[in-house]
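Next up, final_37.cif (mmCIF, C-alpha atoms and all ligand atoms):
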data_upload
loop_
_atom_site.label_atom_id
_atom_site.label_comp_id
_atom_site.auth_asym_id
_atom_site.auth_seq_id
_atom_site.Cartn_x
_atom_site.Cartn_y
_atom_site.Cartn_z
CA MET O 1 -7.58 17.24 17.58
CA THR O 2 -7.62 14.20 19.86
CA ILE O 3 -8.43 10.49 19.64
CA ALA O 4 -10.21 8.70 22.48
CA ASN O 5 -7.56 6.82 24.41
CA THR O 6 -9.14 3.46 25.15
CA PHE O 7 -6.15 1.20 24.47
CA SER O 8 -2.70 0.91 25.98
CA ARG O 9 0.51 0.62 23.99
CA GLU O 10 0.81 -3.04 25.02
CA GLU O 11 -2.73 -3.85 23.94
CA LEU O 12 -2.11 -2.32 20.50
CA VAL O 13 1.15 -4.24 20.03
CA ASN O 14 -0.63 -7.46 21.03
CA LYS O 15 -3.38 -6.72 18.55
CA ALA O 16 -0.79 -6.24 15.78
CA THR O 17 0.99 -9.47 16.72
CA ASP O 18 -2.30 -11.35 16.72
CA LEU O 19 -3.55 -10.26 13.28
CA LYS O 20 -4.27 -13.68 11.86
CA VAL O 21 -4.24 -13.24 8.14
CA ILE O 22 -1.44 -15.27 6.63
CA PRO O 23 -2.55 -18.68 7.95
CA THR O 24 -5.95 -18.35 6.25
CA LEU O 25 -4.18 -17.69 2.96
CA ASN O 26 -2.00 -20.81 3.03
CA GLY O 27 1.16 -18.74 2.72
CA ILE O 28 0.23 -17.13 -0.58
CA VAL O 29 0.94 -13.62 0.72
CA GLU O 30 4.44 -14.58 1.75
CA LYS O 31 5.12 -16.28 -1.60
CA VAL O 32 3.78 -13.35 -3.60
CA PHE O 33 5.78 -10.83 -1.60
CA ASN O 34 8.93 -12.84 -2.17
CA ILE O 35 8.26 -12.77 -5.91
CA LEU O 36 7.30 -9.10 -5.99
CA GLY O 37 10.36 -8.15 -3.97
CA ASN O 38 12.72 -10.10 -6.22
CA ASP O 39 13.97 -8.22 -9.29
CA ASN O 40 14.73 -11.49 -11.08
CA SER O 41 11.24 -12.91 -10.71
CA SER O 42 9.41 -13.70 -13.92
CA PHE O 43 5.91 -13.85 -15.24
CA SER O 44 5.73 -17.58 -14.80
CA ASP O 45 6.90 -17.38 -11.16
CA LEU O 46 3.99 -15.08 -10.44
CA GLY O 47 1.58 -17.14 -12.53
CA ASN O 48 2.58 -20.30 -10.68
CA VAL O 49 1.52 -18.77 -7.39
CA VAL O 50 -1.60 -16.85 -8.31
CA GLN O 51 -3.14 -19.60 -10.47
CA TYR O 52 -4.25 -21.34 -7.28
CA ASP O 53 -5.96 -18.30 -5.88
CA GLN O 54 -9.44 -17.99 -7.31
CA ALA O 55 -10.01 -14.37 -6.37
CA ILE O 56 -6.78 -13.19 -7.99
CA SER O 57 -7.03 -15.33 -11.13
CA SER O 58 -10.58 -14.32 -11.83
CA LYS O 59 -9.77 -10.65 -11.33
CA ILE O 60 -6.81 -10.83 -13.73
CA ILE O 61 -9.00 -12.53 -16.36
CA SER O 62 -11.72 -9.94 -15.89
CA ILE O 63 -9.26 -7.03 -16.16
CA SER O 64 -7.70 -8.50 -19.32
CA ASN O 65 -11.17 -8.66 -20.83
CA SER O 66 -11.94 -5.03 -19.98
CA ALA O 67 -12.25 -2.62 -22.87
CA TYR O 68 -8.91 -1.03 -21.94
CA TYR O 69 -6.93 -4.21 -22.74
CA SER O 70 -8.95 -6.73 -24.73
CA ARG O 71 -9.58 -4.94 -28.04
CA GLY O 72 -12.63 -7.12 -28.50
CA ILE O 73 -10.89 -10.50 -28.21
CA GLU O 74 -12.15 -12.74 -25.41
CA ILE O 75 -9.46 -14.06 -23.09
CA PHE O 76 -10.07 -17.20 -21.02
CA ASP O 77 -6.75 -18.40 -19.67
CA LEU O 78 -4.59 -16.86 -16.99
CA GLN O 79 -1.26 -16.92 -18.84
CA ARG O 80 -2.78 -15.22 -21.85
CA ALA O 81 -4.53 -12.71 -19.61
CA MET O 82 -1.27 -11.86 -17.83
CA LEU O 83 0.58 -11.41 -21.12
CA THR O 84 -2.17 -9.10 -22.34
CA ILE O 85 -2.00 -6.86 -19.30
CA GLY O 86 1.81 -6.81 -19.00
CA PHE O 87 4.13 -7.83 -16.18
CA GLU O 88 4.37 -4.57 -14.31
CA GLU O 89 0.62 -3.98 -14.35
CA VAL O 90 -0.01 -7.55 -13.20
CA ARG O 91 2.45 -7.12 -10.33
CA GLY O 92 0.63 -3.95 -9.32
CA ILE O 93 -2.80 -5.54 -9.59
CA VAL O 94 -1.78 -8.65 -7.66
CA THR O 95 -0.29 -6.53 -4.91
CA CYS O 96 -3.46 -4.46 -4.73
CA LEU O 97 -5.64 -7.53 -4.58
CA ILE O 98 -3.61 -9.26 -1.94
CA PHE O 99 -3.65 -6.15 0.15
CA MET O 100 -7.24 -5.27 -0.48
CA GLU O 101 -9.26 -8.44 -0.76
CA ASN O 102 -7.22 -10.87 1.25
CA ILE O 103 -5.94 -8.67 4.01
CA LEU O 104 -8.10 -5.62 4.58
CA LYS O 105 -11.48 -7.24 3.92
CA LYS O 106 -10.71 -10.21 6.14
CA LEU O 107 -9.90 -7.80 8.92
CA LYS O 108 -13.44 -6.43 8.62
CA LEU O 109 -12.64 -2.76 8.45
CA LYS O 110 -15.61 -0.44 7.95
CA GLU O 111 -16.27 0.08 4.24
CA GLN O 112 -15.54 3.80 4.36
CA ASP O 113 -12.31 3.33 6.35
CA LEU O 114 -11.21 0.61 3.98
CA PHE O 115 -11.85 2.93 1.06
CA ALA O 116 -9.94 5.84 2.63
CA LEU O 117 -6.91 3.72 3.54
CA TRP O 118 -6.98 2.07 0.16
CA ARG O 119 -7.21 5.28 -1.85
CA HIS O 120 -4.45 6.94 0.15
CA SER O 121 -2.15 3.91 -0.18
CA ILE O 122 -2.70 3.65 -3.90
CA GLN O 123 -2.13 7.37 -4.40
CA VAL O 124 1.19 7.20 -2.57
CA ALA O 125 2.08 4.08 -4.58
CA CYS O 126 1.31 5.70 -7.94
CA SER O 127 3.17 8.90 -6.99
CA ALA O 128 6.26 7.12 -5.71
CA LYS O 129 6.36 4.79 -8.72
CA MET O 130 6.20 7.77 -11.06
CA LEU O 131 9.04 9.53 -9.17
CA SER O 132 11.09 6.35 -9.30
CA LYS O 133 10.70 6.18 -13.08
CA ARG O 134 11.42 9.87 -13.61
CA LEU O 135 14.43 10.11 -11.33
CA LEU O 136 15.75 6.64 -12.26
CA VAL O 137 15.87 5.71 -8.58
CA GLU O 138 15.21 2.11 -7.54
CA ASP O 139 12.92 -0.42 -9.24
CA PRO O 140 9.52 1.24 -9.82
CA ALA O 141 7.63 -2.01 -9.10
CA LYS O 142 9.39 -2.41 -5.76
CA VAL O 143 8.76 1.25 -4.88
CA TYR O 144 5.09 0.73 -5.77
CA THR O 145 4.69 -2.30 -3.54
CA ILE O 146 6.46 -0.74 -0.56
CA SER O 147 4.37 2.41 -0.88
CA LEU O 148 1.16 0.44 -1.02
CA LEU O 149 2.01 -1.08 2.34
CA HIS O 150 3.57 1.91 4.10
CA ASP O 151 0.55 2.57 6.35
CA ILE O 152 -0.25 -1.05 7.17
CA GLY O 153 0.08 -0.22 10.89
CA LYS O 154 -3.02 1.98 10.64
CA ILE O 155 -5.10 -1.20 10.27
CA VAL O 156 -4.77 -1.84 14.01
CA PHE O 157 -5.92 1.69 14.84
CA TYR O 158 -8.85 1.41 12.43
CA ILE O 159 -9.89 -1.88 14.01
CA CYS O 160 -9.47 -0.75 17.63
CA LEU O 161 -10.66 2.86 17.54
CA PRO O 162 -14.09 3.65 16.09
CA ASP O 163 -13.26 7.37 15.69
CA TYR O 164 -9.82 6.86 14.08
CA GLY O 165 -11.13 7.25 10.52
CA GLU O 166 -12.92 10.49 11.34
CA THR O 167 -9.84 11.85 13.09
CA MET O 168 -7.70 11.02 10.07
CA LYS O 169 -10.10 12.83 7.78
CA ALA O 170 -10.12 15.93 9.99
CA LEU O 171 -6.32 15.93 10.21
CA ASN O 172 -5.71 15.56 6.49
CA GLY O 173 -4.26 18.77 5.16
CA ASN O 174 -4.17 20.77 8.41
CA GLY O 175 -0.48 20.10 8.90
CA GLN O 176 -0.70 18.07 12.12
CA ASP O 177 1.21 14.81 11.99
CA ILE O 178 -0.96 11.78 12.75
CA ALA O 179 2.04 9.76 13.94
CA SER O 180 2.92 12.25 16.69
CA LEU O 181 -0.74 12.49 17.73
CA GLU O 182 -0.81 8.68 18.05
CA ARG O 183 2.42 8.67 20.06
CA ASN O 184 1.14 11.36 22.42
CA THR O 185 -2.11 9.46 22.98
CA PHE O 186 -1.02 5.79 23.00
CA GLY O 187 2.74 5.84 23.42
CA ILE O 188 3.04 4.17 20.01
CA ASP O 189 2.29 5.18 16.40
CA HIS O 190 1.21 3.36 13.24
CA GLN O 191 4.82 3.19 12.05
CA GLU O 192 5.90 1.11 15.04
CA ILE O 193 2.75 -1.02 14.88
CA GLY O 194 3.35 -1.47 11.15
CA ARG O 195 6.84 -2.74 11.92
CA VAL O 196 5.40 -5.37 14.26
CA ILE O 197 3.05 -6.57 11.48
CA ALA O 198 5.75 -6.40 8.79
CA ILE O 199 8.14 -8.53 10.83
CA LYS O 200 5.40 -11.01 11.68
CA TRP O 201 4.41 -11.29 8.02
CA LYS O 202 8.05 -11.64 6.95
CA PHE O 203 8.20 -8.62 4.67
CA PRO O 204 11.62 -7.85 3.14
CA ALA O 205 13.98 -5.64 5.22
CA ASP O 206 13.51 -2.55 3.01
CA PHE O 207 9.75 -2.78 3.48
CA ILE O 208 10.11 -2.96 7.25
CA ASN O 209 12.42 0.06 7.27
CA ILE O 210 10.07 2.26 5.24
CA ILE O 211 6.99 1.19 7.21
CA ARG O 212 8.83 2.02 10.46
CA HIS O 213 10.20 5.45 9.48
CA HIS O 214 8.10 6.94 6.68
CA HIS O 215 7.06 10.04 8.69
CA GLU O 216 10.60 10.99 9.75
CA ASN O 217 11.01 13.91 7.37
CA GLN O 218 14.09 15.19 9.15
CA ASN O 219 15.94 11.91 8.58
CA ALA O 220 15.27 11.74 4.85
CA ASP O 221 18.93 11.18 3.94
CA LYS O 222 19.52 8.52 6.58
CA PHE O 223 17.23 5.89 5.05
CA GLY O 224 18.26 5.94 1.40
CA ALA O 225 16.76 6.93 -1.92
CA ILE O 226 13.60 4.84 -1.76
CA PHE O 227 12.69 6.53 1.53
CA ARG O 228 12.67 9.99 -0.09
CA LEU O 229 10.26 8.75 -2.78
CA VAL O 230 7.78 7.30 -0.29
CA ASN O 231 8.14 10.11 2.25
CA THR O 232 7.63 12.86 -0.36
CA SER O 233 4.71 11.02 -1.98
CA ASN O 234 3.07 10.48 1.39
CA ARG O 235 3.36 14.15 2.32
CA PHE O 236 2.08 15.11 -1.13
CA ALA O 237 -0.97 12.90 -0.59
CA HIS O 238 -1.59 14.70 2.71
CA SER O 239 -1.06 18.13 1.06
CA THR O 240 1.79 18.89 3.46
CA HIS O 241 4.73 18.34 1.12
CA ASP O 242 7.62 20.66 0.34
CA PRO O 243 6.99 22.00 -3.18
CA SER O 244 10.58 23.25 -3.52
CA SER O 245 12.26 19.82 -3.73
CA SER O 246 12.75 18.20 -7.13
CA GLU O 247 10.37 15.38 -6.10
CA GLY O 248 7.80 17.94 -4.97
CA ILE O 249 8.03 19.85 -8.26
CA ILE O 250 7.52 16.67 -10.33
CA LEU O 251 4.55 15.59 -8.21
CA GLU O 252 2.92 19.02 -8.50
CA LYS O 253 3.31 18.88 -12.28
CA GLU O 254 1.97 15.33 -12.59
CA LYS O 255 -0.88 15.74 -10.13
CA ASP O 256 -3.64 15.20 -12.71
CA ALA O 257 -1.96 12.15 -14.26
CA ILE O 258 -1.57 10.60 -10.79
CA VAL O 259 -5.23 11.15 -9.91
CA GLN O 260 -6.19 9.61 -13.26
CA GLU O 261 -4.10 6.52 -12.58
CA VAL O 262 -5.54 6.17 -9.07
CA ASP O 263 -9.06 6.40 -10.52
CA LYS O 264 -8.19 3.77 -13.15
CA ILE O 265 -7.00 1.32 -10.49
CA MET O 266 -10.03 2.02 -8.28
CA ASP O 267 -12.15 1.26 -11.35
CA PHE O 268 -10.31 -2.01 -12.03
CA LEU O 269 -10.91 -3.08 -8.49
CA GLN O 270 -14.51 -1.95 -8.73
CA LEU O 271 -14.06 0.47 -5.87
CA GLY O 272 -14.67 3.68 -7.78
FE FE V 1 1.80 6.94 7.67
FE FE V 2 0.48 7.49 4.49
#
Mind turning the file's structure into structure tokens?
Amino acid sequence: MTIANTFSREELVNKATDLKVIPTLNGIVEKVFNILGNDNSSFSDLGNVVQYDQAISSKIISISNSAYYSRGIEIFDLQRAMLTIGFEEVRGIVTCLIFMENILKKLKLKEQDLFALWRHSIQVACSAKMLSKRLLVEDPAKVYTISLLHDIGKIVFYICLPDYGETMKALNGNGQDIASLERNTFGIDHQEIGRVIAIKWKFPADFINIIRHHHENQNADKFGAIFRLVNTSNRFAHSTHDPSSSEGIILEKEKDAIVQEVDKIMDFLQLG
């Protein structure tokens, strides 16, 4: 499997550095990530930020009025809507929306690439969050957010290379590592590009670390507990995981529940 090599390493790094997303959002991404990454943040901290963003507020209201939450009572205000859904769910939804609507869509990815990246990211996020809860490792909400963003470097490849999405699809499950294929072709992979974006967008240090190293299976112990959760969940999503580890066994057992949760979120976001 190959990818057409039409860009140099330098051109890809420049592209990552130039992704102009945050300025158009008036800093809301940075504020929300600070809140999501802070264990002491509260409902009202989050509400204070998202109330000014029409897309996010309206989505939260619409989700709170869905049959799953509303129990027939109409909900009109944001605070009430957030209380109805619950803090952890709201954090998850806000992260998804920021990532999806404000970042990916603005970057004008092809619909089908957007969908593939989105579904993969959310599957890794749901898996890693579940492992975090089961194994009592790290804060599940933080694990969820990091996982959702682990492949952010792929955005640059999707934008620059028309056949990247197809290559990804063909690679999925055949055991070949996309990161090493990228390195062999371009001298850089989506982990390193992701790091460039993560630093530029001022993500927390843990986020940058995971984004930079999430394919380094052999170094699992070097990067701490949260790394194992994301790394195992990522390999599980690509059907190349190690089913003998405790994480692998749990994921295998919970496979159906994870797919259900992914479908539920895709539904919420009207992507199903
Ligand atoms: Fe990756
Ligand atoms: Fe991934």
Do you know which residues are at most 10 Å from Glu252 in chain O counting only C-alpha atoms, after dropping those on the same chain fewer than 5 positions away, and could you put them as a list in words?
Phe236, His241, Pro243, Ser246, Glu247 and Ile258 of chain O
Using all atoms listed in the file, which protein or nucleic acid residues are at most 12 Å from ligand FE 2 (chain V), as number ranges by chain?
O: 116-125, 127-128, 146-155, 168, 172, 177-179, 190-191, 194, 210-216, 230-240
Considering all atoms listed in the file, can you say which of O:Val262, O:Glu192, O:Glu166, O:Lys255 comes closest to ligand FE 1 (chain V)?
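With all atoms listed in the file as the atom set, the closest residue is O:Glu192.
The gap separating CA of Leu251 in chain O from CA of Leu136 in chain O is 14.9 Å, in Å to one decimal.
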For Val32 in chain O, the nearest of the candidates O:Ile93, O:Ala198, O:Leu78, O:Leu46, counting only C-alpha atoms:
O:Leu46
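We find CA of Val13 in chain O and CA of Thr167 in chain O to be spaced 20.7 Å apart.
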